[in-house]
file upload_34.cif (mmCIF, C-alpha atoms)
data_data
loop_
_atom_site.label_atom_id
_atom_site.label_comp_id
_atom_site.auth_asym_id
_atom_site.auth_seq_id
_atom_site.Cartn_x
_atom_site.Cartn_y
_atom_site.Cartn_z
CA MET A 235 -15.73 34.46 -43.26
CA LYS A 236 -17.03 34.52 -46.82
CA ARG A 237 -16.93 31.33 -48.85
CA ILE A 238 -15.72 31.36 -52.45
CA PHE A 239 -15.71 28.63 -55.07
CA SER A 240 -14.07 28.45 -58.45
CA GLY A 241 -12.81 25.75 -60.75
CA VAL A 242 -10.78 24.88 -63.78
CA LYS A 243 -11.85 22.47 -66.51
CA PRO A 244 -9.23 19.89 -67.63
CA THR A 245 -9.84 20.22 -71.37
CA GLY A 246 -6.38 21.54 -72.21
CA HIS A 247 -3.09 22.73 -70.76
CA LEU A 248 -3.45 25.77 -68.51
CA THR A 249 -2.48 29.05 -70.13
CA LEU A 250 -1.20 32.49 -69.28
CA GLY A 251 -4.80 33.62 -69.61
CA ASN A 252 -5.91 31.15 -66.95
CA TYR A 253 -3.14 32.32 -64.65
CA LEU A 254 -3.54 36.09 -65.06
CA GLY A 255 -7.31 35.95 -65.29
CA ALA A 256 -7.95 33.68 -62.32
CA VAL A 257 -5.33 31.45 -60.74
CA ARG A 258 -2.91 34.13 -59.55
CA ARG A 259 -5.71 35.95 -57.75
CA TRP A 260 -6.83 32.68 -56.15
CA ALA A 261 -3.35 32.24 -54.70
CA ASP A 262 -2.47 35.85 -53.87
CA VAL A 263 -5.82 37.10 -52.63
CA ASP A 264 -8.76 34.73 -52.42
CA GLN A 265 -7.35 31.92 -50.30
CA HIS A 266 -6.25 34.49 -47.70
CA ARG A 267 -9.50 36.43 -47.43
CA ALA A 268 -12.12 33.69 -47.48
CA ASP A 269 -12.97 30.07 -46.91
CA ALA A 270 -11.97 29.10 -50.44
CA LEU A 271 -12.58 25.97 -52.52
CA PHE A 272 -10.82 25.39 -55.84
CA CYS A 273 -11.95 22.47 -57.93
CA ILE A 274 -10.77 20.53 -60.96
CA VAL A 275 -14.17 20.29 -62.66
CA ASP A 276 -13.50 17.08 -64.56
CA LEU A 277 -17.17 16.20 -65.08
CA HIS A 278 -17.46 19.29 -67.27
CA ALA A 279 -14.73 17.92 -69.53
CA LEU A 280 -17.08 15.10 -70.57
CA THR A 281 -19.50 17.41 -72.38
CA VAL A 282 -17.45 17.13 -75.60
CA ASP A 283 -15.59 14.34 -77.37
CA HIS A 284 -12.60 13.45 -75.23
CA ASP A 285 -9.87 10.91 -74.64
CA PRO A 286 -10.36 9.40 -71.14
CA GLY A 287 -6.64 9.06 -70.51
CA ARG A 288 -6.02 12.66 -71.51
CA VAL A 289 -8.73 13.93 -69.15
CA ARG A 290 -7.05 12.06 -66.29
CA ARG A 291 -3.60 13.43 -67.21
CA LEU A 292 -4.87 16.97 -67.56
CA SER A 293 -6.76 16.73 -64.27
CA ARG A 294 -3.59 15.75 -62.44
CA GLN A 295 -1.59 18.39 -64.29
CA ALA A 296 -4.13 21.11 -63.45
CA ALA A 297 -4.10 20.15 -59.77
CA THR A 298 -0.31 20.21 -59.74
CA LEU A 299 -0.22 23.62 -61.42
CA LEU A 300 -2.74 25.07 -58.97
CA LEU A 301 -0.53 23.98 -56.10
CA ALA A 302 2.56 25.26 -57.92
CA SER A 303 0.87 28.62 -58.35
CA GLY A 304 0.73 29.02 -54.58
CA LEU A 305 -2.57 27.48 -53.49
CA ASP A 306 -1.91 26.21 -49.98
CA PRO A 307 -4.02 23.26 -48.72
CA ARG A 308 -3.60 24.65 -45.21
CA LEU A 309 -5.50 27.77 -46.33
CA CYS A 310 -7.91 26.46 -48.96
CA THR A 311 -9.55 23.28 -50.25
CA VAL A 312 -8.24 21.83 -53.53
CA PHE A 313 -10.10 18.81 -54.89
CA VAL A 314 -11.48 17.02 -57.95
CA GLN A 315 -15.18 17.43 -58.73
CA SER A 316 -15.89 13.77 -59.50
CA HIS A 317 -14.49 12.76 -56.11
CA VAL A 318 -17.44 14.46 -54.38
CA ASP A 319 -20.79 12.83 -55.24
CA GLU A 320 -22.79 15.81 -54.01
CA HIS A 321 -22.10 17.71 -57.24
CA ALA A 322 -23.98 15.17 -59.36
CA ARG A 323 -26.65 14.63 -56.69
CA LEU A 324 -27.51 18.32 -56.55
CA SER A 325 -27.25 18.81 -60.30
CA TYR A 326 -30.31 16.64 -60.94
CA LEU A 327 -32.38 18.54 -58.39
CA LEU A 328 -31.47 21.82 -60.07
CA GLU A 329 -32.38 20.38 -63.47
CA CYS A 330 -35.84 19.96 -61.98
CA VAL A 331 -35.87 23.70 -61.24
CA ALA A 332 -34.22 25.03 -64.43
CA THR A 333 -36.08 25.43 -67.73
CA ASP A 334 -35.25 24.32 -71.25
CA GLY A 335 -35.37 27.92 -72.45
CA GLU A 336 -32.79 29.02 -69.90
CA MET A 337 -30.39 26.32 -71.01
CA ARG A 338 -30.76 27.10 -74.70
CA ARG A 339 -30.06 30.80 -74.11
CA MET A 340 -26.61 30.08 -72.68
CA ILE A 341 -24.10 31.71 -75.03
CA GLN A 342 -21.55 28.89 -75.03
CA TYR A 343 -24.21 26.30 -75.85
CA LYS A 344 -25.64 28.42 -78.66
CA GLU A 345 -22.20 28.96 -80.22
CA LYS A 346 -21.03 25.35 -79.98
CA ALA A 347 -24.35 23.92 -81.11
CA ALA A 348 -24.37 26.22 -84.13
CA ARG A 349 -20.87 25.13 -85.13
CA GLU A 350 -21.85 21.48 -84.87
CA ARG A 351 -24.98 22.02 -86.94
CA GLU A 352 -22.88 23.63 -89.66
CA ARG A 353 -20.81 20.43 -89.76
CA GLY A 354 -23.93 18.29 -89.90
CA GLY A 355 -23.59 17.00 -86.33
CA SER A 356 -25.09 17.67 -82.93
CA VAL A 357 -23.75 18.32 -79.44
CA ARG A 358 -24.09 16.10 -76.39
CA LEU A 359 -27.04 16.63 -74.07
CA SER A 360 -24.58 17.29 -71.24
CA LEU A 361 -23.39 20.44 -73.05
CA LEU A 362 -26.93 21.80 -72.80
CA THR A 363 -27.29 20.97 -69.11
CA TYR A 364 -23.76 21.61 -67.84
CA PRO A 365 -24.58 25.14 -66.58
CA VAL A 366 -26.88 23.41 -64.09
CA LEU A 367 -23.98 21.23 -62.95
CA MET A 368 -21.92 24.39 -62.61
CA ALA A 369 -24.68 25.86 -60.46
CA ALA A 370 -24.60 22.71 -58.32
CA ASP A 371 -20.83 23.07 -57.94
CA ILE A 372 -21.36 26.53 -56.50
CA LEU A 373 -24.53 26.10 -54.46
CA ALA A 374 -23.48 22.88 -52.72
CA TYR A 375 -21.03 24.83 -50.58
CA GLY A 376 -23.07 27.86 -49.56
CA THR A 377 -20.82 29.96 -51.79
CA ASP A 378 -20.91 33.74 -51.41
CA GLU A 379 -18.53 34.74 -54.23
CA VAL A 380 -17.47 33.13 -57.51
CA PRO A 381 -14.32 34.62 -59.07
CA VAL A 382 -14.76 34.14 -62.82
CA GLY A 383 -13.76 35.57 -66.17
CA ASP A 384 -16.17 37.77 -68.08
CA ASP A 385 -17.30 34.85 -70.26
CA GLN A 386 -18.63 32.94 -67.25
CA THR A 387 -20.75 35.73 -65.76
CA GLN A 388 -23.89 34.45 -67.48
CA HIS A 389 -23.51 31.09 -65.75
CA VAL A 390 -23.22 32.71 -62.33
CA GLU A 391 -26.36 34.71 -63.08
CA LEU A 392 -28.15 31.44 -63.88
CA THR A 393 -26.88 30.02 -60.58
CA ARG A 394 -28.36 32.97 -58.74
CA ASP A 395 -31.69 32.52 -60.51
CA LEU A 396 -31.83 28.81 -59.65
CA ALA A 397 -30.95 29.45 -56.01
CA VAL A 398 -33.66 32.09 -55.65
CA ARG A 399 -36.25 29.92 -57.43
CA PHE A 400 -35.45 26.87 -55.30
CA ASN A 401 -35.60 28.91 -52.11
CA GLN A 402 -38.96 30.44 -53.07
CA ARG A 403 -40.54 27.12 -54.01
CA TYR A 404 -39.15 24.79 -51.38
CA GLY A 405 -37.88 26.91 -48.51
CA HIS A 406 -34.61 28.69 -47.94
CA THR A 407 -31.80 26.24 -48.71
CA PHE A 408 -29.08 28.03 -50.70
CA ALA A 409 -27.03 31.17 -50.36
CA VAL A 410 -27.31 33.39 -53.46
CA PRO A 411 -23.75 33.92 -54.77
CA ARG A 412 -22.32 36.76 -56.82
CA ALA A 413 -19.60 36.86 -59.48
CA THR A 414 -16.36 38.75 -58.85
CA HIS A 415 -13.78 39.81 -61.45
CA PRO A 416 -10.07 40.69 -61.26
CA GLU A 417 -9.32 44.31 -62.12
CA VAL A 418 -6.63 43.67 -64.74
CA ALA A 419 -6.39 41.04 -67.51
CA ALA A 420 -9.73 39.44 -66.77
CA ARG A 421 -9.68 38.18 -70.34
CA VAL A 422 -6.29 37.62 -71.98
CA MET A 423 -6.67 37.29 -75.73
CA ASN A 424 -5.07 34.94 -78.26
CA LEU A 425 -1.80 36.41 -79.52
CA GLN A 426 -2.62 35.47 -83.12
CA GLU A 427 -6.34 36.30 -82.94
CA PRO A 428 -6.57 39.17 -80.44
CA THR A 429 -10.34 39.39 -80.71
CA SER A 430 -10.65 35.84 -79.31
CA LYS A 431 -9.91 34.65 -75.78
CA MET A 432 -6.68 32.77 -75.10
CA GLY A 433 -8.34 29.42 -74.40
CA LYS A 434 -6.68 26.24 -73.17
CA SER A 435 -8.74 24.19 -75.63
CA ASP A 436 -7.47 26.16 -78.64
CA ASP A 437 -5.65 24.36 -81.40
CA ALA A 438 -3.84 27.56 -82.38
CA GLY A 439 -0.69 26.92 -80.36
CA PRO A 440 1.28 29.97 -81.63
CA GLY A 441 -1.31 32.29 -80.13
CA VAL A 442 -1.46 30.59 -76.73
CA VAL A 443 1.19 30.82 -74.01
CA TYR A 444 0.97 27.68 -71.90
CA LEU A 445 2.22 27.72 -68.32
CA LEU A 446 4.55 24.82 -69.04
CA ASP A 447 6.01 26.26 -72.25
CA GLU A 448 9.78 26.61 -72.16
CA PRO A 449 10.93 30.25 -71.70
CA ASP A 450 12.26 30.52 -75.25
CA VAL A 451 8.95 29.24 -76.60
CA MET A 452 7.09 31.87 -74.58
CA ARG A 453 9.37 34.61 -75.91
CA LYS A 454 8.95 33.47 -79.50
CA LYS A 455 5.15 33.39 -79.26
CA ILE A 456 4.97 36.87 -77.77
CA MET A 457 7.48 38.35 -80.23
CA ARG A 458 5.36 36.97 -83.08
CA ALA A 459 2.10 38.31 -81.67
CA VAL A 460 -0.21 39.97 -84.18
CA THR A 461 -0.22 43.76 -83.92
CA ASP A 462 -2.36 46.45 -85.53
CA SER A 463 -2.03 48.89 -88.40
CA GLY A 464 -0.26 52.11 -87.52
CA GLN A 465 2.74 52.64 -85.26
CA ASP A 466 1.34 54.32 -82.14
CA VAL A 467 1.31 52.23 -78.97
CA VAL A 468 -2.19 52.99 -77.74
CA HIS A 469 -4.49 51.11 -75.40
CA ASP A 470 -7.69 50.81 -77.42
CA ARG A 471 -9.28 47.37 -77.21
CA GLU A 472 -11.72 48.06 -80.02
CA GLY A 473 -9.43 49.83 -82.47
CA ARG A 474 -6.06 48.27 -81.52
CA PRO A 475 -6.85 44.81 -80.08
CA GLY A 476 -3.37 43.34 -80.68
CA ILE A 477 -1.42 46.10 -78.95
CA SER A 478 -4.05 46.44 -76.22
CA ASN A 479 -3.71 42.74 -75.43
CA LEU A 480 0.06 43.06 -75.02
CA LEU A 481 -0.32 46.15 -72.86
CA GLU A 482 -2.83 44.39 -70.63
CA ILE A 483 -0.61 41.33 -70.27
CA LEU A 484 2.38 43.49 -69.35
CA ALA A 485 0.29 45.55 -66.95
CA ALA A 486 -0.99 42.40 -65.25
CA CYS A 487 2.56 41.05 -64.90
CA GLU A 488 3.87 44.29 -63.42
CA GLY A 489 0.81 45.28 -61.40
CA THR A 490 0.32 48.56 -63.24
CA ASP A 491 -2.16 50.14 -65.63
CA PRO A 492 -2.22 49.54 -69.42
CA GLU A 493 -3.14 53.17 -70.10
CA THR A 494 -0.05 54.35 -68.25
CA LEU A 495 2.19 51.80 -69.98
CA SER A 496 1.04 52.84 -73.44
CA GLY A 497 2.75 56.22 -73.06
CA ALA A 498 6.09 54.60 -72.26
CA TYR A 499 6.60 52.86 -75.65
CA GLN A 500 7.51 54.22 -79.05
CA SER A 501 7.57 50.91 -80.90
CA TYR A 502 5.76 47.60 -81.01
CA GLY A 503 9.06 45.71 -80.83
CA ALA A 504 10.06 47.22 -77.50
CA LEU A 505 6.64 46.46 -76.03
CA LYS A 506 6.80 42.85 -77.22
CA LYS A 507 10.28 42.36 -75.79
CA ASP A 508 9.35 43.74 -72.37
CA THR A 509 6.13 41.74 -72.32
CA ALA A 510 7.95 38.52 -73.18
CA GLU A 511 10.52 38.99 -70.42
CA ALA A 512 7.85 39.94 -67.90
CA VAL A 513 5.87 36.79 -68.67
CA VAL A 514 8.93 34.53 -68.44
CA GLU A 515 9.93 35.98 -65.08
CA LEU A 516 6.40 35.91 -63.71
CA LEU A 517 6.02 32.20 -64.49
CA ARG A 518 9.52 31.09 -63.53
CA PRO A 519 8.71 30.29 -59.84
CA LEU A 520 5.55 28.44 -60.88
CA ARG A 521 7.40 26.26 -63.37
CA GLU A 522 10.14 25.47 -60.83
CA ARG A 523 7.60 24.50 -58.16
CA HIS A 524 5.69 22.40 -60.69
CA LYS A 525 8.86 20.41 -61.38
CA GLU A 526 9.30 19.78 -57.63
CA LEU A 527 5.70 18.61 -57.23
CA CYS A 528 5.96 16.26 -60.22
CA ALA A 529 8.83 14.56 -58.41
CA ASP A 530 6.53 13.93 -55.41
CA PRO A 531 3.20 12.68 -56.85
CA SER A 532 2.10 11.22 -53.52
CA TYR A 533 1.90 14.74 -52.11
CA VAL A 534 -0.51 15.88 -54.82
CA GLU A 535 -2.59 12.71 -54.40
CA GLY A 536 -2.80 13.34 -50.65
CA VAL A 537 -3.89 16.95 -51.14
CA LEU A 538 -6.68 15.87 -53.50
CA ARG A 539 -7.80 13.04 -51.21
CA ASP A 540 -7.93 15.29 -48.16
CA GLY A 541 -9.55 18.09 -50.16
CA ALA A 542 -12.33 15.80 -51.38
CA ALA A 543 -13.04 14.59 -47.85
CA LYS A 544 -13.24 18.18 -46.59
CA ALA A 545 -15.43 19.27 -49.52
CA ARG A 546 -17.74 16.29 -49.02
CA GLU A 547 -18.17 17.18 -45.36
CA MET A 548 -19.12 20.74 -46.29
CA ALA A 549 -21.50 19.87 -49.14
CA ARG A 550 -23.40 16.85 -47.86
CA PRO A 551 -25.59 18.52 -45.18
CA ARG A 552 -26.77 21.20 -47.62
CA VAL A 553 -27.47 18.74 -50.43
CA ASP A 554 -29.30 16.44 -48.01
CA SER A 555 -31.41 19.43 -46.96
CA ALA A 556 -32.20 20.16 -50.59
CA TYR A 557 -33.35 16.57 -51.09
CA ARG A 558 -35.72 16.84 -48.12
CA ALA A 559 -36.95 20.27 -49.17
CA ILE A 560 -37.86 19.22 -52.70
CA GLY A 561 -39.89 16.27 -51.44
CA LEU A 562 -37.65 13.21 -51.51
CA LEU A 563 -37.96 10.59 -48.80
CA ALA A 564 -34.98 10.45 -46.47
CA ALA A 565 -32.84 7.33 -46.67
CA GLY A 566 -33.16 4.95 -43.74
#
call {"tool": "encode", "arguments": {"input": "upload_34.cif", "output": "structure tokens"}}
result
Amino acid sequence: MKRIFSGVKPTGHLTLGNYLGAVRRWADVDQHRADALFCIVDLHALTVDHDPGRVRRLSRQAATLLLASGLDPRLCTVFVQSHVDEHARLSYLLECVATDGEMRRMIQYKEKAARERERGGSVRLSLLTYPVLMAADILAYGTDEVPVGDDQTQHVELTRDLAVRFNQRYGHTFAVPRATHPEVAARVMNLQEPTSKMGKSDDAGPGVVYLLDEPDVMRKKIMRAVTDSGQDVVHDREGRPGISNLLEILAACEGTDPETLSGAYQSYGALKKDTAEAVVELLRPLRERHKELCADPSYVEGVLRDGAAKAREMARPRVDSAYRAIGLLAAG
């Protein structure tokens, strides 16, 4: 059975983009077809200024939402990254294989570092090196596939490069993983800025549908979504990004094709209304299950505790092998 690994970073409340782009597929497809691990990558949340209490709250909330989305601990492993020491252990070894140039070419680092320089500041060193930690997350488990959004493909390519380089220098230790992408709505865009991704760390609340928004709030945000000049409902991501985003969201909710949907609408208003109702109905079971899980916090704690123990058991032999391979003396 193939092994897959993916994670979610607790830097903000999970969004419709997170759900349609990743989490729904994890629950509906990935946990049934593979030995799957899904991780709250809380160490990655420390690469920027953060409130410690908020990181803890968002980590618990993310875990609860993953379970509410349908992840079943009997079928997959759900755990918190910092609960498994092997992630940090392996990360340092991979830093000894990666190069400074590779890190500085990472798109997210370049963009965030440039913004900080414009403000007269600088980013944390961990932001530069976190792609190596992400590689450690993946390689520690002998991962075959990494389901990611388009914006994370570069990091999976780096992971592949580091695995190959380590294997060539020190002997075969790691499987070389590949990225996989969902067919529809791999990248849901901000409703107010449809050329930018709907990110959970965004401050622009009106453009972001959060999974825990009340239904009326979801409807209002979608009905106020930015559209494009002209009246034709056409799927054209370059020329009509606002309408294309709505079509792709609706298509993802209904399991159909945005090109086909575009021919069924004569007005933006009708498309917005149908999209809003589709989103509300899609997320209704998730929100109801989330409420049930919040009433039983010991269940979530138990899932995370058991998941960490299982993940640790899977990762430790491979990481220990990497330590021996690279030349470190075995502990007595």
call {"tool": "residues_around", "arguments": {"input": "upload_34.cif", "residues": "Asp508 in chain A", "least_positions_apart": "4", "cutoff": "8 Å", "atoms": "only C-alpha atoms", "output": "VMD selection string"}}
result
chain A and resid 484 504 512
call {"tool": "closest_residue", "arguments": {"input": "upload_34.cif", "among": "A:Met457, A:Glu391, A:Leu292, A:Val468", "to": "Leu248 in chain A", "atoms": "all atoms listed in the file"}}
result
A:Leu292
call {"tool": "closest_residue", "arguments": {"input": "upload_34.cif", "among": "A:Ser430, A:Thr333, A:Leu425, A:Gly464", "to": "Thr509 in chain A", "atoms": "all atoms listed in the file"}}
result
A:Leu425
call {"tool": "resolve_selection", "arguments": {"input": "upload_34.cif", "expression": "the PyMOL selection byres ((chain A and resi 382-384) around 6)", "output": "PyMOL selection string"}}
result
chain A and resi 381+385-387+415+420
call {"tool": "write_last_selection", "arguments": {"input": "upload_34.cif", "atoms": "C-alpha atoms", "output": "PDB file, in the coordinates of the input"}}
result
ATOM      1  CA  PRO A 381     -14.320  34.620 -59.070  1.00  0.00           C
ATOM      2  CA  ASP A 385     -17.300  34.850 -70.260  1.00  0.00           C
ATOM      3  CA  GLN A 386     -18.630  32.940 -67.250  1.00  0.00           C
ATOM      4  CA  THR A 387     -20.750  35.730 -65.760  1.00  0.00           C
ATOM      5  CA  HIS A 415     -13.780  39.810 -61.450  1.00  0.00           C
ATOM      6  CA  ALA A 420      -9.730  39.440 -66.770  1.00  0.00           C
TER       7      ALA A 420
END
call {"tool": "closest_residue", "arguments": {"input": "upload_34.cif", "among": "A:Gln295, A:Thr461, A:Ser240, A:Ser303", "to": "Arg521 in chain A", "atoms": "only C-alpha atoms"}}
result
A:Ser303
call {"tool": "atom_distance", "arguments": {"input": "upload_34.cif", "atom1": "CA of Gly476 in chain A", "atom2": "CA of Val390 in chain A"}}
result
29.0 Å
call {"tool": "residues_near_point", "arguments": {"input": "upload_34.cif", "point": "(-34.9, 27.4, -55.3)", "cutoff": "10 Å", "atoms": "all atoms listed in the file", "output": "list of chain:residue names"}}
result
A:Leu327, A:Leu328, A:Val331, A:Ala332, A:Thr393, A:Arg394, A:Asp395, A:Leu396, A:Ala397, A:Val398, A:Arg399, A:Phe400, A:Asn401, A:Gln402, A:Arg403, A:Tyr404, A:Gly405, A:His406, A:Thr407, A:Phe408, A:Val410, A:Ala556, A:Ala559, A:Ile560
call {"tool": "residues_near_point", "arguments": {"input": "upload_34.cif", "point": "(-18.5, 18.8, -57.2)", "cutoff": "10 Å", "atoms": "all atoms listed in the file", "output": "PDB file with C-alpha atoms, keeping the file's coordinate frame"}}
result
ATOM      1  CA  GLY A 241     -12.810  25.750 -60.750  1.00  0.00           C
ATOM      2  CA  CYS A 273     -11.950  22.470 -57.930  1.00  0.00           C
ATOM      3  CA  ILE A 274     -10.770  20.530 -60.960  1.00  0.00           C
ATOM      4  CA  VAL A 275     -14.170  20.290 -62.660  1.00  0.00           C
ATOM      5  CA  ASP A 276     -13.500  17.080 -64.560  1.00  0.00           C
ATOM      6  CA  LEU A 277     -17.170  16.200 -65.080  1.00  0.00           C
ATOM      7  CA  PHE A 313     -10.100  18.810 -54.890  1.00  0.00           C
ATOM      8  CA  VAL A 314     -11.480  17.020 -57.950  1.00  0.00           C
ATOM      9  CA  GLN A 315     -15.180  17.430 -58.730  1.00  0.00           C
ATOM     10  CA  SER A 316     -15.890  13.770 -59.500  1.00  0.00           C
ATOM     11  CA  HIS A 317     -14.490  12.760 -56.110  1.00  0.00           C
ATOM     12  CA  VAL A 318     -17.440  14.460 -54.380  1.00  0.00           C
ATOM     13  CA  ASP A 319     -20.790  12.830 -55.240  1.00  0.00           C
ATOM     14  CA  GLU A 320     -22.790  15.810 -54.010  1.00  0.00           C
ATOM     15  CA  HIS A 321     -22.100  17.710 -57.240  1.00  0.00           C
ATOM     16  CA  ALA A 322     -23.980  15.170 -59.360  1.00  0.00           C
ATOM     17  CA  ARG A 323     -26.650  14.630 -56.690  1.00  0.00           C
ATOM     18  CA  LEU A 324     -27.510  18.320 -56.550  1.00  0.00           C
ATOM     19  CA  SER A 325     -27.250  18.810 -60.300  1.00  0.00           C
ATOM     20  CA  LEU A 367     -23.980  21.230 -62.950  1.00  0.00           C
ATOM     21  CA  MET A 368     -21.920  24.390 -62.610  1.00  0.00           C
ATOM     22  CA  ALA A 369     -24.680  25.860 -60.460  1.00  0.00           C
ATOM     23  CA  ALA A 370     -24.600  22.710 -58.320  1.00  0.00           C
ATOM     24  CA  ASP A 371     -20.830  23.070 -57.940  1.00  0.00           C
ATOM     25  CA  ILE A 372     -21.360  26.530 -56.500  1.00  0.00           C
ATOM     26  CA  LEU A 373     -24.530  26.100 -54.460  1.00  0.00           C
ATOM     27  CA  ALA A 374     -23.480  22.880 -52.720  1.00  0.00           C
ATOM     28  CA  TYR A 375     -21.030  24.830 -50.580  1.00  0.00           C
ATOM     29  CA  ALA A 542     -12.330  15.800 -51.380  1.00  0.00           C
ATOM     30  CA  ALA A 545     -15.430  19.270 -49.520  1.00  0.00           C
ATOM     31  CA  ARG A 546     -17.740  16.290 -49.020  1.00  0.00           C
ATOM     32  CA  ALA A 549     -21.500  19.870 -49.140  1.00  0.00           C
TER      33      ALA A 549
END
call {"tool": "resolve_selection", "arguments": {"input": "upload_34.cif", "expression": "the PyMOL selection byres ((chain A and resi 525) around 12)", "output": "list in words"}}
result
Gln295, Thr298, Leu299, Leu301, Ala302, Ser303, Leu446, Arg518, Pro519, Leu520, Arg521, Glu522, Arg523, His524, Glu526, Leu527, Cys528, Ala529, Asp530 and Pro531 of chain A
call {"tool": "residues_around", "arguments": {"input": "upload_34.cif", "residues": "Lys455 in chain A", "least_positions_apart": "5", "cutoff": "10 Å", "atoms": "all atoms listed in the file", "output": "list in words"}}
result
Leu425, Gln426, Gly439, Pro440, Gly441, Val442, Val443, Asp450, Val460, Lys506 and Ala510 of chain A
call {"tool": "resolve_selection", "arguments": {"input": "upload_34.cif", "expression": "the PyMOL selection byres ((chain A and resi 262) around 12)", "output": "PyMOL selection string"}}
result
chain A and resi 253-254+256-261+263-268+300+303-306+309-310+416
call {"tool": "atom_distance", "arguments": {"input": "upload_34.cif", "atom1": "CA of Glu515 in chain A", "atom2": "CA of Glu488 in chain A"}}
result
10.4 Å
call {"tool": "atom_distance", "arguments": {"input": "upload_34.cif", "atom1": "CA of Leu517 in chain A", "atom2": "CA of Ile238 in chain A"}}
result
24.9 Å
call {"tool": "residues_around", "arguments": {"input": "upload_34.cif", "residues": "Gly473 in chain A", "least_positions_apart": "4", "cutoff": "10 Å", "atoms": "all atoms listed in the file", "output": "tab-separated table (two decimals) with C-alpha atoms, in the frame of the given file"}}
result
chain	number	residue	atom	x	y	z
A	462	ASP	CA	-2.36	46.45	-85.53
A	463	SER	CA	-2.03	48.89	-88.40
A	468	VAL	CA	-2.19	52.99	-77.74
A	469	HIS	CA	-4.49	51.11	-75.40
A	477	ILE	CA	-1.42	46.10	-78.95
A	478	SER	CA	-4.05	46.44	-76.22
call {"tool": "residues_around", "arguments": {"input": "upload_34.cif", "residues": "Phe239 in chain A", "least_positions_apart": "2", "cutoff": "6 Å", "atoms": "all atoms listed in the file", "output": "PDB file with C-alpha atoms, in the coordinates of the input"}}
result
ATOM      1  CA  ALA A 270     -11.970  29.100 -50.440  1.00  0.00           C
ATOM      2  CA  LEU A 271     -12.580  25.970 -52.520  1.00  0.00           C
ATOM      3  CA  PHE A 272     -10.820  25.390 -55.840  1.00  0.00           C
ATOM      4  CA  VAL A 380     -17.470  33.130 -57.510  1.00  0.00           C
TER       5      VAL A 380
END
